[in-house]
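Peer 1: Can you keep this structure in mind? I'll have questions shortly.
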Amino acid sequence: MRVVVADDSVLLREGLQLLLAEAGHEVVAAVGDGPGFVEAMLAHRPELGVVDVRMPPSHTDEGLRAAVDVRRRMPAARLMVLSQYVELSYAEELLGDGEGGVGYLLKDRVGDVAEFLAGLDTVADGGTVLDPLVVKQMLARRRDPVAALSPREREVLALMAEGRSNAAIAEALTVTSAAVEKHTQRIFAKLGLYPDDTESHRRVAAVLRFLRAG
């Protein structure tokens, strides 16, 4: 199959290319950053994209955000995410659409080449391959609704805890009031705070849960 590889480490990038070539796959592009991965996936439309989570410039979750971006633009894209650590900020968005064709493995656990290659085949065929530690942490987050909030939703909730109105939150985050309202409604839904309660009650309840989780 045709594959796009993204990893900022030249050694790991070259190693993946050799491994895939020896397995009979064609690496149509190998890049070192998130935007390059998105561009290569859109340009080549490969059967599989393999992307590292932490890449330039901040080395946090650029690769994962790039994978989410690819999936939005190419819903049928098959993606294998590799990481040194479990990064769940965007992982649940990537994995949560139920479409399959997604994998998330920790690099330290990819010691069995045959198993790794089999995982790539599974993802390319539309299946899902998850590292056991990823599954464990995702289940833990679902038991803690506050932990399931996205980074932006946590920012909104933190400002809400300071007593700021939606307009003040929008100004602080340099977004529209409509965007803040959208985040607020998602926060309420994730925390199980439904419209039968008043807006002020839901805001207070959300803030209390946030402070207790902090």
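How things are named: the first chain in the structure tokens is A, the next is B, and so on; residues count from 1 in each chain; ligands count from 1 in the order shown.
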Fewer than 2 positions away in the same chain doesn't count, so skip those; otherwise give me all residues within 6 Å of Leu48 of chain A, counting only C-alpha atoms, as a compact mmCIF listing (two decimals) with N, CA and C atoms, in the first residue's frame.
Peer 2:
```
# COMPACT_ATOMS: atom_id res chain seq x y z
N VAL A 3 1.94 4.85 1.50
CA VAL A 3 1.95 5.37 2.87
C VAL A 3 2.64 6.73 2.92
N PRO A 46 -2.98 8.64 0.18
CA PRO A 46 -2.45 7.29 0.34
C PRO A 46 -3.45 6.36 1.05
N ARG A 78 -7.06 6.73 6.51
CA ARG A 78 -6.62 5.74 7.49
C ARG A 78 -5.36 6.26 8.17
N LEU A 79 -5.36 6.30 9.49
CA LEU A 79 -4.28 6.98 10.21
C LEU A 79 -3.76 6.15 11.37
N ALA A 124 -5.40 0.12 7.89
CA ALA A 124 -5.62 0.36 6.46
C ALA A 124 -6.90 -0.30 5.97
```
Peer 1: As a list in words, which residues of segment 44-146 of chain A does DSSP assign to strand (DSSP E)?
Peer 2: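 For segment 44-146 of chain A, the strand (DSSP E) set is Leu48, Gly49, Val50, Val51, Asp52, Leu79, Met80, Val81, Leu82, Ser83, Val102, Gly103, Tyr104, Leu105, Leu106, Thr128, Val129 and Leu130 of chain A.
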Peer 1: Please give the complete set of residues from segment 28-205 of chain A that DSSP, run on the backbone, assigns to helix (DSSP H, G or I), formatted as a VMD selection string.
Peer 2: chain A and resid 34 to 44 62 to 73 91 to 95 107 to 109 113 to 124 132 to 143 145 to 148 151 to 161 166 to 173 177 to 190 199 to 205
Peer 1: Find the residues around Val204 of chain A up to 10 Å (only C-alpha atoms counted), leave out those fewer than 6 positions away in its own chain, and share them as a list in words.
Peer 2: Met160, Ala161, Gly163 and Phe210 of chain A
